[in-house]
>>> print(open('query_35.txt').read())   # compact mmCIF, C-alpha atoms
# COMPACT_ATOMS: atom_id res chain seq x y z
CA MET H 1105 -0.25 10.08 25.62
CA ILE H 1106 0.14 6.35 26.31
CA TRP H 1107 0.10 5.50 22.60
CA ARG H 1108 2.71 8.14 21.82
CA LEU H 1109 4.92 6.64 24.52
CA ALA H 1110 4.31 3.17 23.11
CA ALA H 1111 5.34 4.35 19.65
CA SER H 1112 8.51 5.90 21.07
CA ALA H 1113 9.33 2.68 22.92
CA ALA H 1114 8.81 0.63 19.75
CA ARG H 1115 11.42 2.74 17.97
CA LEU H 1116 13.99 1.51 20.51
CA LEU H 1117 13.52 -2.03 19.19
CA PRO H 1118 15.19 -3.32 16.02
CA PRO H 1119 12.87 -2.56 13.07
CA GLU H 1120 11.69 -6.10 12.38
CA ALA H 1121 11.15 -6.80 16.10
CA ALA H 1122 9.07 -3.63 16.33
CA HIS H 1123 7.03 -4.77 13.31
CA VAL H 1124 6.35 -8.17 14.86
CA ALA H 1125 5.38 -6.55 18.18
CA ALA H 1126 2.95 -4.18 16.43
CA VAL H 1127 1.25 -7.06 14.59
CA LYS H 1128 0.90 -9.11 17.77
CA THR H 1129 -0.47 -6.11 19.66
CA LEU H 1130 -3.15 -5.43 17.06
CA GLN H 1131 -3.90 -9.15 16.75
CA ALA H 1132 -4.75 -9.04 20.48
CA ASN H 1133 -7.03 -6.03 19.76
CA ILE H 1134 -4.85 -3.73 21.84
CA GLY H 1135 -4.66 -0.21 20.51
CA PRO H 1136 -6.36 3.19 20.45
CA ARG H 1137 -9.93 3.43 19.19
CA PRO H 1138 -10.08 7.01 17.91
CA ASN H 1139 -13.13 8.81 16.61
CA VAL H 1140 -12.28 9.69 13.02
CA PRO H 1141 -14.12 11.93 10.56
CA SER H 1142 -16.51 10.35 8.11
CA LEU H 1143 -15.10 10.86 4.60
CA PRO H 1144 -16.91 8.28 2.47
CA VAL H 1145 -15.39 7.26 -0.85
CA SER H 1146 -16.67 4.84 -3.48
CA MET H 1147 -14.37 3.01 -5.88
CA ALA H 1148 -14.62 -0.23 -7.86
CA GLY H 1149 -18.15 -0.74 -6.53
CA LEU H 1150 -16.92 -0.66 -2.93
CA ASP H 1151 -17.90 1.87 -0.27
CA PHE H 1152 -15.05 3.02 1.97
CA ALA H 1153 -15.69 4.91 5.24
CA ASN H 1154 -12.67 7.08 4.44
CA PRO H 1155 -9.91 7.12 1.79
CA LEU H 1156 -7.01 6.11 4.07
CA GLY H 1157 -5.76 2.54 4.23
CA VAL H 1158 -2.88 0.35 5.36
CA ALA H 1159 -0.73 -0.82 2.46
CA ALA H 1160 0.34 -4.41 2.00
CA GLY H 1161 3.53 -5.35 3.82
CA PHE H 1162 2.35 -4.63 7.33
CA ASP H 1163 -0.08 -7.50 7.94
CA LYS H 1164 1.74 -10.09 5.87
CA ASN H 1165 -0.24 -13.16 6.99
CA ALA H 1166 -3.70 -11.64 7.61
CA ALA H 1167 -3.14 -11.80 11.36
CA CYS H 1168 -4.23 -8.34 12.60
CA TYR H 1169 -6.38 -6.61 9.98
CA LYS H 1170 -9.34 -6.17 12.34
CA GLY H 1171 -7.17 -4.42 14.92
CA ALA H 1172 -5.60 -2.23 12.22
CA MET H 1173 -9.02 -1.15 10.95
CA GLU H 1174 -9.99 -0.11 14.47
CA LEU H 1175 -7.17 2.45 14.42
CA GLY H 1176 -9.39 4.42 12.03
CA PHE H 1177 -8.29 3.16 8.63
CA GLY H 1178 -11.02 2.72 6.04
CA HIS H 1179 -9.34 -0.32 4.54
CA VAL H 1180 -6.46 -2.70 5.15
CA GLU H 1181 -4.62 -4.63 2.47
CA VAL H 1182 -3.08 -7.83 3.86
CA GLY H 1183 -0.11 -9.66 2.36
CA THR H 1184 1.84 -10.07 0.23
CA ILE H 1185 0.72 -13.73 0.49
CA THR H 1186 2.44 -16.43 -1.57
CA PRO H 1187 1.04 -19.89 -2.35
CA LEU H 1188 3.72 -21.69 -0.35
CA ALA H 1189 5.35 -20.63 2.89
CA GLN H 1190 8.79 -19.10 2.47
CA PRO H 1191 11.21 -17.52 4.94
CA GLY H 1192 12.14 -14.47 2.90
CA ASN H 1193 15.64 -13.03 2.78
CA PRO H 1194 18.25 -13.42 5.53
CA LYS H 1195 18.11 -11.05 8.51
CA PRO H 1196 18.71 -8.20 9.07
CA ARG H 1197 16.43 -7.14 6.23
CA VAL H 1198 14.69 -3.98 7.51
CA PHE H 1199 16.48 -0.71 8.23
CA ARG H 1200 15.26 2.58 9.64
CA LEU H 1201 16.74 5.70 8.08
CA SER H 1202 15.93 7.98 10.99
CA LYS H 1203 17.62 11.04 9.50
CA ASP H 1204 15.50 10.67 6.37
CA ALA H 1205 12.15 9.51 7.86
CA ALA H 1206 12.50 6.45 5.65
CA VAL H 1207 12.75 2.67 5.68
CA ILE H 1208 14.63 0.22 3.49
CA ASN H 1209 13.38 -3.34 3.43
CA ARG H 1210 14.40 -6.48 1.63
CA TYR H 1211 11.95 -8.85 3.31
CA GLY H 1212 11.52 -10.92 0.15
CA PHE H 1213 7.86 -11.93 0.57
CA ASN H 1214 8.37 -13.72 3.89
CA SER H 1215 5.04 -15.51 4.13
CA GLN H 1216 3.44 -18.34 6.07
CA GLY H 1217 1.67 -19.24 2.84
CA MET H 1218 -1.88 -19.03 1.56
CA GLU H 1219 -3.31 -21.86 3.68
CA VAL H 1220 -2.32 -20.14 6.93
CA ALA H 1221 -3.61 -16.82 5.61
CA ALA H 1222 -6.90 -18.43 4.54
CA ALA H 1223 -7.36 -19.89 8.03
CA ASN H 1224 -6.72 -16.46 9.57
CA LEU H 1225 -9.16 -14.82 7.17
CA ALA H 1226 -11.85 -17.40 7.85
CA ARG H 1227 -11.44 -16.98 11.61
CA VAL H 1228 -12.02 -13.20 11.78
CA ARG H 1229 -14.96 -11.90 9.74
CA ASP H 1230 -16.43 -9.24 12.05
CA TYR H 1231 -14.25 -6.38 10.83
CA THR H 1232 -15.53 -2.89 10.07
CA GLY H 1233 -13.69 -1.74 6.94
CA ILE H 1234 -12.80 -2.91 3.44
CA LEU H 1235 -10.37 -5.84 3.24
CA GLY H 1236 -7.90 -6.23 0.39
CA VAL H 1237 -5.80 -9.34 -0.17
CA ASN H 1238 -2.44 -8.85 -1.89
CA VAL H 1239 -0.85 -11.91 -3.54
CA GLY H 1240 2.52 -12.68 -5.06
CA ALA H 1241 4.74 -15.40 -6.45
CA ASN H 1242 7.10 -17.68 -4.56
CA LYS H 1243 10.78 -16.89 -5.05
CA THR H 1244 11.68 -20.31 -6.47
CA SER H 1245 8.46 -20.93 -8.39
CA PRO H 1246 8.98 -22.55 -11.82
CA ASN H 1247 5.88 -20.69 -13.06
CA PRO H 1248 5.42 -17.36 -11.24
CA THR H 1249 2.38 -16.38 -13.29
CA ASP H 1250 0.51 -19.50 -12.21
CA ASP H 1251 1.28 -18.70 -8.57
CA TYR H 1252 -1.10 -15.75 -8.90
CA ARG H 1253 -3.88 -18.01 -10.18
CA VAL H 1254 -3.37 -20.44 -7.30
CA ALA H 1255 -3.28 -17.73 -4.63
CA VAL H 1256 -6.31 -15.90 -6.03
CA ALA H 1257 -8.28 -19.16 -6.21
CA CYS H 1258 -7.52 -19.83 -2.55
CA LEU H 1259 -8.01 -16.36 -1.09
CA ALA H 1260 -10.40 -14.32 -3.26
CA ARG H 1261 -13.52 -15.49 -1.44
CA PHE H 1262 -12.33 -13.79 1.76
CA ALA H 1263 -11.47 -10.47 0.12
CA ASP H 1264 -13.40 -7.35 -0.80
CA TYR H 1265 -10.74 -6.81 -3.49
CA VAL H 1266 -7.61 -8.62 -4.68
CA THR H 1267 -4.26 -7.02 -5.55
CA LEU H 1268 -1.55 -8.56 -7.73
CA ASN H 1269 1.85 -7.45 -6.46
CA ILE H 1270 4.26 -7.49 -9.40
CA SER H 1271 6.44 -4.65 -8.19
CA SER H 1272 8.41 -5.74 -5.13
CA PRO H 1273 12.13 -5.27 -5.81
CA ASN H 1274 13.03 -8.10 -3.43
CA THR H 1275 11.89 -11.14 -5.48
CA PRO H 1276 14.17 -11.72 -8.48
CA GLY H 1277 12.39 -11.37 -11.81
CA LEU H 1278 9.08 -10.23 -10.30
CA ARG H 1279 9.12 -6.78 -11.88
CA ASP H 1280 9.51 -8.41 -15.30
CA LEU H 1281 5.80 -9.28 -15.01
CA GLN H 1282 5.05 -5.58 -15.60
CA THR H 1283 6.19 -5.91 -19.22
CA GLN H 1284 3.88 -6.40 -22.19
CA GLU H 1285 5.21 -9.91 -22.70
CA HIS H 1286 3.95 -11.10 -19.32
CA LEU H 1287 1.20 -8.74 -18.15
CA ALA H 1288 -1.66 -10.11 -20.25
CA ALA H 1289 -0.90 -13.67 -19.11
CA LEU H 1290 -0.78 -12.53 -15.50
CA LEU H 1291 -4.19 -10.87 -15.70
CA ASP H 1292 -5.63 -13.95 -17.40
CA ALA H 1293 -4.25 -16.09 -14.58
CA ALA H 1294 -5.90 -13.89 -11.98
CA ARG H 1295 -9.25 -14.11 -13.75
CA MET H 1296 -8.92 -17.90 -13.89
CA GLY H 1297 -8.27 -17.90 -10.16
CA MET H 1298 -11.49 -15.95 -9.57
CA GLN H 1299 -13.40 -18.46 -11.69
CA GLU H 1300 -11.96 -21.36 -9.72
CA ALA H 1301 -12.93 -19.63 -6.47
CA GLY H 1302 -16.45 -19.11 -7.80
CA VAL H 1303 -16.43 -15.40 -6.92
CA THR H 1304 -16.03 -12.04 -8.61
CA ARG H 1305 -13.93 -9.43 -6.85
CA PRO H 1306 -12.43 -6.12 -8.00
CA LEU H 1307 -8.87 -6.67 -9.19
CA PHE H 1308 -6.06 -4.18 -8.50
CA LEU H 1309 -2.47 -4.12 -9.78
CA LYS H 1310 0.44 -2.71 -7.73
CA ILE H 1311 3.23 -1.16 -9.79
CA ALA H 1312 6.76 0.11 -9.20
CA PRO H 1313 7.81 3.77 -9.22
CA ASP H 1314 10.87 2.98 -11.35
CA LEU H 1315 9.03 2.84 -14.68
CA GLU H 1316 9.32 4.84 -17.90
CA GLN H 1317 6.36 6.65 -19.47
CA ALA H 1318 6.02 3.98 -22.17
CA ASP H 1319 5.75 1.31 -19.47
CA LEU H 1320 3.02 3.24 -17.68
CA GLU H 1321 1.07 3.70 -20.92
CA LEU H 1322 1.25 -0.01 -21.61
CA ILE H 1323 0.17 -0.96 -18.10
CA VAL H 1324 -2.81 1.40 -18.06
CA ASP H 1325 -4.02 0.34 -21.51
CA GLN H 1326 -3.72 -3.37 -20.72
CA CYS H 1327 -5.37 -2.98 -17.34
CA VAL H 1328 -8.30 -1.07 -18.81
CA SER H 1329 -8.68 -3.62 -21.60
CA ALA H 1330 -8.56 -6.51 -19.13
CA GLY H 1331 -11.15 -4.98 -16.81
CA VAL H 1332 -8.77 -4.28 -13.92
CA HIS H 1333 -10.49 -1.99 -11.44
CA GLY H 1334 -7.55 -0.15 -9.90
CA ILE H 1335 -3.82 0.58 -10.09
CA ILE H 1336 -1.85 1.07 -6.89
CA ALA H 1337 1.00 3.53 -7.39
CA THR H 1338 3.50 2.82 -6.05
CA ASN H 1339 5.61 0.17 -4.37
CA THR H 1340 9.07 0.95 -2.94
CA THR H 1341 11.90 2.25 -5.10
CA ILE H 1342 15.29 0.76 -5.86
CA SER H 1343 16.66 4.27 -6.51
CA ARG H 1344 18.54 6.27 -3.87
CA PRO H 1345 17.97 10.03 -3.96
CA ASP H 1346 21.07 12.17 -3.42
CA SER H 1347 19.31 13.79 -0.47
CA LEU H 1348 19.59 10.69 1.75
CA ARG H 1349 21.76 11.36 4.82
CA ASP H 1350 21.39 8.27 7.00
CA ARG H 1351 24.28 5.81 7.19
CA GLN H 1352 21.85 2.98 6.32
CA ALA H 1353 21.09 4.52 2.92
CA SER H 1354 23.41 2.13 1.11
CA GLN H 1355 21.48 -0.97 2.22
CA ALA H 1356 19.98 -3.04 -0.59
CA GLY H 1357 16.20 -3.25 -0.88
CA GLY H 1358 13.17 -1.08 -1.47
CA LEU H 1359 13.17 2.48 -0.13
CA SER H 1360 9.94 3.86 1.35
CA GLY H 1361 8.91 6.81 3.48
CA GLN H 1362 9.48 10.52 2.91
CA PRO H 1363 12.11 10.25 0.13
CA LEU H 1364 9.62 8.31 -1.98
CA PHE H 1365 6.81 10.88 -1.72
CA THR H 1366 7.57 13.12 -4.70
CA MET H 1367 8.55 10.27 -7.04
CA ALA H 1368 5.50 8.18 -6.16
CA THR H 1369 3.17 11.17 -6.49
CA ASP H 1370 4.58 11.95 -9.93
CA VAL H 1371 3.95 8.38 -11.13
CA LEU H 1372 0.50 8.48 -9.55
CA ALA H 1373 -0.35 11.67 -11.42
CA ARG H 1374 0.74 10.16 -14.73
CA ILE H 1375 -1.31 7.01 -14.09
CA ALA H 1376 -4.35 9.14 -13.25
CA GLN H 1377 -3.96 11.15 -16.45
CA LEU H 1378 -3.49 8.06 -18.59
CA GLY H 1379 -6.49 6.40 -16.96
CA LYS H 1380 -8.70 9.48 -17.34
CA GLY H 1381 -11.50 8.05 -15.21
CA ARG H 1382 -11.36 4.62 -16.88
CA ILE H 1383 -9.72 2.97 -13.87
CA GLY H 1384 -9.43 3.61 -10.13
CA VAL H 1385 -6.16 4.92 -8.71
CA ILE H 1386 -4.68 4.35 -5.26
CA GLY H 1387 -1.79 6.54 -4.09
CA VAL H 1388 0.98 5.13 -1.89
CA GLY H 1389 4.43 6.36 -0.98
CA GLY H 1390 5.68 8.78 1.65
CA VAL H 1391 2.35 9.63 3.30
CA ALA H 1392 2.81 10.72 6.92
CA HIS H 1393 0.73 13.92 7.03
CA GLY H 1394 -2.69 15.05 5.91
CA TRP H 1395 -1.29 17.40 3.28
CA GLN H 1396 0.59 14.54 1.65
CA ALA H 1397 -2.58 12.47 1.43
CA TYR H 1398 -4.33 15.56 0.08
CA ALA H 1399 -1.70 16.08 -2.63
CA LYS H 1400 -2.22 12.53 -3.87
CA ILE H 1401 -5.98 13.06 -3.98
CA LEU H 1402 -5.53 16.35 -5.83
CA VAL H 1403 -3.60 14.61 -8.63
CA GLY H 1404 -6.23 11.89 -8.94
CA ALA H 1405 -6.00 9.27 -6.18
CA ASP H 1406 -9.35 7.81 -5.19
CA LEU H 1407 -7.74 6.20 -2.15
CA VAL H 1408 -4.48 6.65 -0.25
CA GLN H 1409 -2.42 4.03 1.59
CA LEU H 1410 0.51 4.15 3.97
CA TYR H 1411 2.80 1.73 5.76
CA SER H 1412 6.11 3.36 6.69
CA GLY H 1413 4.23 6.24 8.34
CA LEU H 1414 2.48 3.77 10.64
CA ALA H 1415 5.79 2.08 11.46
CA LEU H 1416 7.60 5.35 12.15
CA ASP H 1417 4.83 7.46 13.74
CA GLY H 1418 2.70 4.93 15.59
CA PRO H 1419 -0.99 3.96 15.88
CA LEU H 1420 -2.47 7.47 16.08
CA ILE H 1421 -1.42 8.36 12.54
CA ALA H 1422 -4.76 7.48 10.91
CA SER H 1423 -6.74 9.73 13.22
CA ARG H 1424 -4.32 12.62 12.79
CA ILE H 1425 -4.19 12.39 9.00
CA LEU H 1426 -7.96 12.11 8.63
CA HIS H 1427 -8.57 15.15 10.83
CA GLU H 1428 -5.93 17.09 8.89
CA LEU H 1429 -7.48 15.98 5.62
CA THR H 1430 -10.92 17.17 6.75
CA ALA H 1431 -9.47 20.58 7.63
CA LEU H 1432 -7.83 20.83 4.19
CA LEU H 1433 -11.10 20.01 2.44
CA ASP H 1434 -12.79 22.72 4.50
CA LYS H 1435 -10.15 25.26 3.48
CA ASP H 1436 -10.81 24.49 -0.17
CA GLY H 1437 -14.55 24.80 0.37
CA VAL H 1438 -15.48 21.20 -0.39
CA SER H 1439 -16.95 18.49 1.80
CA THR H 1440 -16.12 15.29 -0.07
CA VAL H 1441 -12.98 13.65 -1.39
CA ALA H 1442 -14.64 13.07 -4.76
CA ALA H 1443 -15.19 16.81 -5.20
CA ILE H 1444 -11.46 17.55 -5.10
CA CYS H 1445 -10.06 14.37 -6.65
CA GLY H 1446 -7.99 15.09 -9.78
CA THR H 1447 -8.54 18.85 -9.74
CA ILE H 1448 -4.80 19.68 -9.83
CA PRO H 1449 -3.25 17.09 -12.16
CA ASP H 1450 0.25 18.61 -12.09
CA PRO H 1451 2.03 16.88 -9.16
CA GLN H 1452 4.32 19.76 -8.23
CA ALA H 1453 1.42 22.21 -8.22
CA ALA H 1454 -0.69 19.80 -6.17
CA ILE H 1455 2.10 19.34 -3.62
CA ARG H 1456 2.62 23.10 -3.31
CA HIS H 1457 -1.11 23.74 -2.91
CA ALA H 1458 -1.58 21.03 -0.30
CA PHE H 1459 1.46 22.17 1.69
CA ARG H 1460 0.39 25.84 1.61
CA CYS H 1461 -3.09 24.92 2.79
CA ALA H 1462 -1.61 22.99 5.69
CA GLN H 1463 0.63 25.93 6.68
CA THR H 1464 -2.16 28.53 6.77
CA GLY H 1465 -4.20 27.97 9.85
>>> encode(input="query_35.txt", output="structure tokens")
Amino acid sequence: MIWRLAASAARLLPPEAAHVAAVKTLQANIGPRPNVPSLPVSMAGLDFANPLGVAAGFDKNAACYKGAMELGFGHVEVGTITPLAQPGNPKPRVFRLSKDAAVINRYGFNSQGMEVAAANLARVRDYTGILGVNVGANKTSPNPTDDYRVAVACLARFADYVTLNISSPNTPGLRDLQTQEHLAALLDAARMGMQEAGVTRPLFLKIAPDLEQADLELIVDQCVSAGVHGIIATNTTISRPDSLRDRQASQAGGLSGQPLFTMATDVLARIAQLGKGRIGVIGVGGVAHGWQAYAKILVGADLVQLYSGLALDGPLIASRILHELTALLDKDGVSTVAAICGTIPDPQAAIRHAFRCAQTG
């Protein structure tokens, strides 16, 4: 009860103030410590206690990942971390769309920089889950591709995996790195960063939902050829569905939460089909319930991440989703995530099946 009240109180704060308060609370190791089901998943040579993780954007400076893991998440992805500190975009830059269970943000990679993040990562090593480090380019960098090499070289040794974020809509020109012209150079830069760090870590790429089929085909083929281990689908969207009702819907920035769910799941399904087992797939976008996580797994997600759901629903969300997910697996007569992963590749069919399962108790 106390954590539900705390979540309700946080929603009375302005969105960015609530975000800062949540990070500081978890940094102080204050939060529920729920017992969650064991749902082991293996991907990219890593063993996850369960498939649910915190997406990048929540713990921007690697300040509270241990506390976040103790909420029940199997992994936490910190960042996005840039080589140099930068303030991000002017405030206000985060907006709750309460009528739509959504968030719009235009943070703009506000980051204390890789040196601060590295110090935070070096300080706290006794965490229980898998740690991902998400890196990006500085807004005014003369060579954005090289920023990824520099950040990977600095931070890879602390990570269980590294993600290249080339899909935020809030850094001008960043999404251009998803094109054929730039993607190969970007992946080369990341590999050079690993070499400079003297480590080998699985490499993931985070993509936008606003991509055409030809773009997705190119990205998957180049990632497989370059030895990338996973694609995270997806980041926030710059589109605005007609269904949005909240007065904040016209704010500029990336839209996340419930309105993103169907779009992100469709892109995820296409990535999974194009990859055909050649590359890991992580589903993000609009996950707030167990059936939504289940739908992403049904279309082919090895792992699932959320962020807006944590911001809107509070610290008990991991426990609730994992228990719901276990019940859904039981209803389908399977005991592992791997047994059901990719069994319904059509996204609309997967969503219908997952929702029906959740409604029949």
>>> residues_around(input="query_35.txt", residues="region 1242-1255 of chain H", least_positions_apart="4", cutoff="9 Å", atoms="all atoms listed in the file", output="VMD selection string")
chain H and resid 1185 to 1190 1192 1212 to 1213 1218 1259 to 1260 1268 1275 to 1278 1281 1286 1289 to 1298 1300
>>> residues_near_point(input="query_35.txt", point="(-9.3, 0.0, 13.0)", cutoff="12 Å", atoms="all atoms listed in the file", output="ChimeraX atom specification")
/H:1130-1131,1133-1140,1153-1154,1156-1158,1168-1180,1230-1235,1419-1423
>>> residues_around(input="query_35.txt", residues="region 1314-1331 of chain H", least_positions_apart="6", cutoff="9 Å", atoms="all atoms listed in the file", output="PyMOL selection string")
chain H and resi 1282-1284+1287-1288+1291-1292+1306-1308+1340-1343+1367+1371+1374-1375+1378-1379+1382-1383
>>> residues_near_point(input="query_35.txt", point="(14.8, -2.8, 9.6)", cutoff="7 Å", atoms="all atoms listed in the file", output="JSON, numbers by chain")
{"H": [1118, 1119, 1120, 1196, 1197, 1198, 1199, 1200, 1208, 1209]}
>>> write_last_selection(input="query_35.txt", atoms="C-alpha atoms", output="PDB file, in the coordinates of the input")
ATOM      1  CA  PRO H1118      15.190  -3.320  16.020  1.00  0.00           C
ATOM      2  CA  PRO H1119      12.870  -2.560  13.070  1.00  0.00           C
ATOM      3  CA  GLU H1120      11.690  -6.100  12.380  1.00  0.00           C
ATOM      4  CA  PRO H1196      18.710  -8.200   9.070  1.00  0.00           C
ATOM      5  CA  ARG H1197      16.430  -7.140   6.230  1.00  0.00           C
ATOM      6  CA  VAL H1198      14.690  -3.980   7.510  1.00  0.00           C
ATOM      7  CA  PHE H1199      16.480  -0.710   8.230  1.00  0.00           C
ATOM      8  CA  ARG H1200      15.260   2.580   9.640  1.00  0.00           C
ATOM      9  CA  ILE H1208      14.630   0.220   3.490  1.00  0.00           C
ATOM     10  CA  ASN H1209      13.380  -3.340   3.430  1.00  0.00           C
TER      11      ASN H1209
END
>>> atom_distance(input="query_35.txt", atom1="CA of Pro1363 (chain H)", atom2="CA of Ala1205 (chain H)")
7.8 Å
>>> closest_residue(input="query_35.txt", among="H:Ala1453, H:Val1237, H:Leu1309, H:Ala1166", to="Val1385 (chain H)", atoms="only C-alpha atoms")
H:Leu1309
>>> closest_residue(input="query_35.txt", among="H:Val1391, H:Thr1440, H:Ala1223, H:Val1228", to="Asp1406 (chain H)", atoms="all atoms listed in the file")
H:Thr1440
>>> residues_around(input="query_35.txt", residues="Ala1405 (chain H)", least_positions_apart="5", cutoff="9 Å", atoms="all atoms listed in the file", output="list in words")
Leu1372, Ala1373, Ala1376, Gly1384, Val1385, Ile1386, Gly1387, Ala1397, Ala1399, Lys1400, Cys1445 and Gly1446 of chain H
>>> closest_residue(input="query_35.txt", among="H:Leu1407, H:Ala1263, H:Leu1143, H:Ile1448", to="Thr1304 (chain H)", atoms="only C-alpha atoms")
H:Ala1263
>>> closest_residue(input="query_35.txt", among="H:Val1403, H:Val1408, H:Cys1258, H:Ala1442", to="Val1239 (chain H)", atoms="all atoms listed in the file")
H:Cys1258
>>> closest_residue(input="query_35.txt", among="H:His1123, H:Tyr1265, H:Val1182, H:Ser1215", to="Asp1151 (chain H)", atoms="all atoms listed in the file")
H:Tyr1265
>>> residues_around(input="query_35.txt", residues="Lys1435 (chain H)", least_positions_apart="3", cutoff="10 Å", atoms="all atoms listed in the file", output="ChimeraX atom specification")
/H:1429-1432,1438-1439,1461-1462,1464-1465
>>> residues_around(input="query_35.txt", residues="Ser1360 (chain H)", least_positions_apart="2", cutoff="12 Å", atoms="only C-alpha atoms", output="PyMOL selection string")
chain H and resi 1159+1161+1198-1201+1204-1210+1272-1273+1312-1313+1338-1345+1348+1353+1357-1358+1362-1368+1388-1392+1410-1416
>>> atom_distance(input="query_35.txt", atom1="CA of Asn1238 (chain H)", atom2="CA of Lys1164 (chain H)")
8.9 Å
>>> closest_residue(input="query_35.txt", among="H:Pro1144, H:Ala1160, H:Leu1402, H:Gly1236", to="Asp1370 (chain H)", atoms="all atoms listed in the file")
H:Leu1402
>>> atom_distance(input="query_35.txt", atom1="CA of Arg1305 (chain H)", atom2="CA of Phe1262 (chain H)")
9.8 Å
>>> decode(input="query_35.txt", residues="region 1208-1222 of chain H", atoms="N, CA and C atoms", output="mmCIF file, in the first residue's frame")
data_model
loop_
_atom_site.group_PDB
_atom_site.id
_atom_site.type_symbol
_atom_site.label_atom_id
_atom_site.label_comp_id
_atom_site.auth_asym_id
_atom_site.auth_seq_id
_atom_site.Cartn_x
_atom_site.Cartn_y
_atom_site.Cartn_z
ATOM 1 N N ILE H 1208 5.346 12.549 -23.395
ATOM 2 C CA ILE H 1208 6.159 13.147 -24.450
ATOM 3 C C ILE H 1208 7.382 13.759 -23.796
ATOM 4 N N ASN H 1209 8.568 13.419 -24.318
ATOM 5 C CA ASN H 1209 9.775 14.040 -23.785
ATOM 6 C C ASN H 1209 10.625 14.597 -24.923
ATOM 7 N N ARG H 1210 11.297 15.668 -24.601
ATOM 8 C CA ARG H 1210 12.316 16.214 -25.491
ATOM 9 C C ARG H 1210 13.553 16.570 -24.659
ATOM 10 N N TYR H 1211 13.967 15.615 -23.830
ATOM 11 C CA TYR H 1211 15.108 15.821 -22.943
ATOM 12 C C TYR H 1211 16.351 16.277 -23.718
ATOM 13 N N GLY H 1212 16.644 15.593 -24.831
ATOM 14 C CA GLY H 1212 17.808 15.973 -25.620
ATOM 15 C C GLY H 1212 19.123 15.468 -25.059
ATOM 16 N N PHE H 1213 19.125 14.220 -24.567
ATOM 17 C CA PHE H 1213 20.363 13.614 -24.037
ATOM 18 C C PHE H 1213 20.996 14.499 -22.968
ATOM 19 N N ASN H 1214 20.201 14.977 -21.997
ATOM 20 C CA ASN H 1214 20.812 15.651 -20.857
ATOM 21 C C ASN H 1214 21.657 14.624 -20.111
ATOM 22 N N SER H 1215 22.935 14.920 -19.986
ATOM 23 C CA SER H 1215 23.898 13.938 -19.477
ATOM 24 C C SER H 1215 25.001 14.643 -18.703
ATOM 25 N N GLN H 1216 25.433 14.025 -17.626
ATOM 26 C CA GLN H 1216 26.586 14.548 -16.885
ATOM 27 C C GLN H 1216 27.905 14.118 -17.526
ATOM 28 N N GLY H 1217 27.809 13.340 -18.608
ATOM 29 C CA GLY H 1217 28.995 12.949 -19.347
ATOM 30 C C GLY H 1217 29.560 11.616 -18.900
ATOM 31 N N MET H 1218 30.397 11.052 -19.758
ATOM 32 C CA MET H 1218 30.875 9.684 -19.541
ATOM 33 C C MET H 1218 31.792 9.552 -18.328
ATOM 34 N N GLU H 1219 32.534 10.585 -17.971
ATOM 35 C CA GLU H 1219 33.437 10.462 -16.827
ATOM 36 C C GLU H 1219 32.660 10.331 -15.531
ATOM 37 N N VAL H 1220 31.593 11.106 -15.381
ATOM 38 C CA VAL H 1220 30.738 10.974 -14.198
ATOM 39 C C VAL H 1220 30.071 9.601 -14.175
ATOM 40 N N ALA H 1221 29.552 9.186 -15.323
ATOM 41 C CA ALA H 1221 28.921 7.867 -15.391
ATOM 42 C C ALA H 1221 29.913 6.764 -15.058
ATOM 43 N N ALA H 1222 31.135 6.859 -15.577
ATOM 44 C CA ALA H 1222 32.151 5.841 -15.290
ATOM 45 C C ALA H 1222 32.450 5.776 -13.796
#
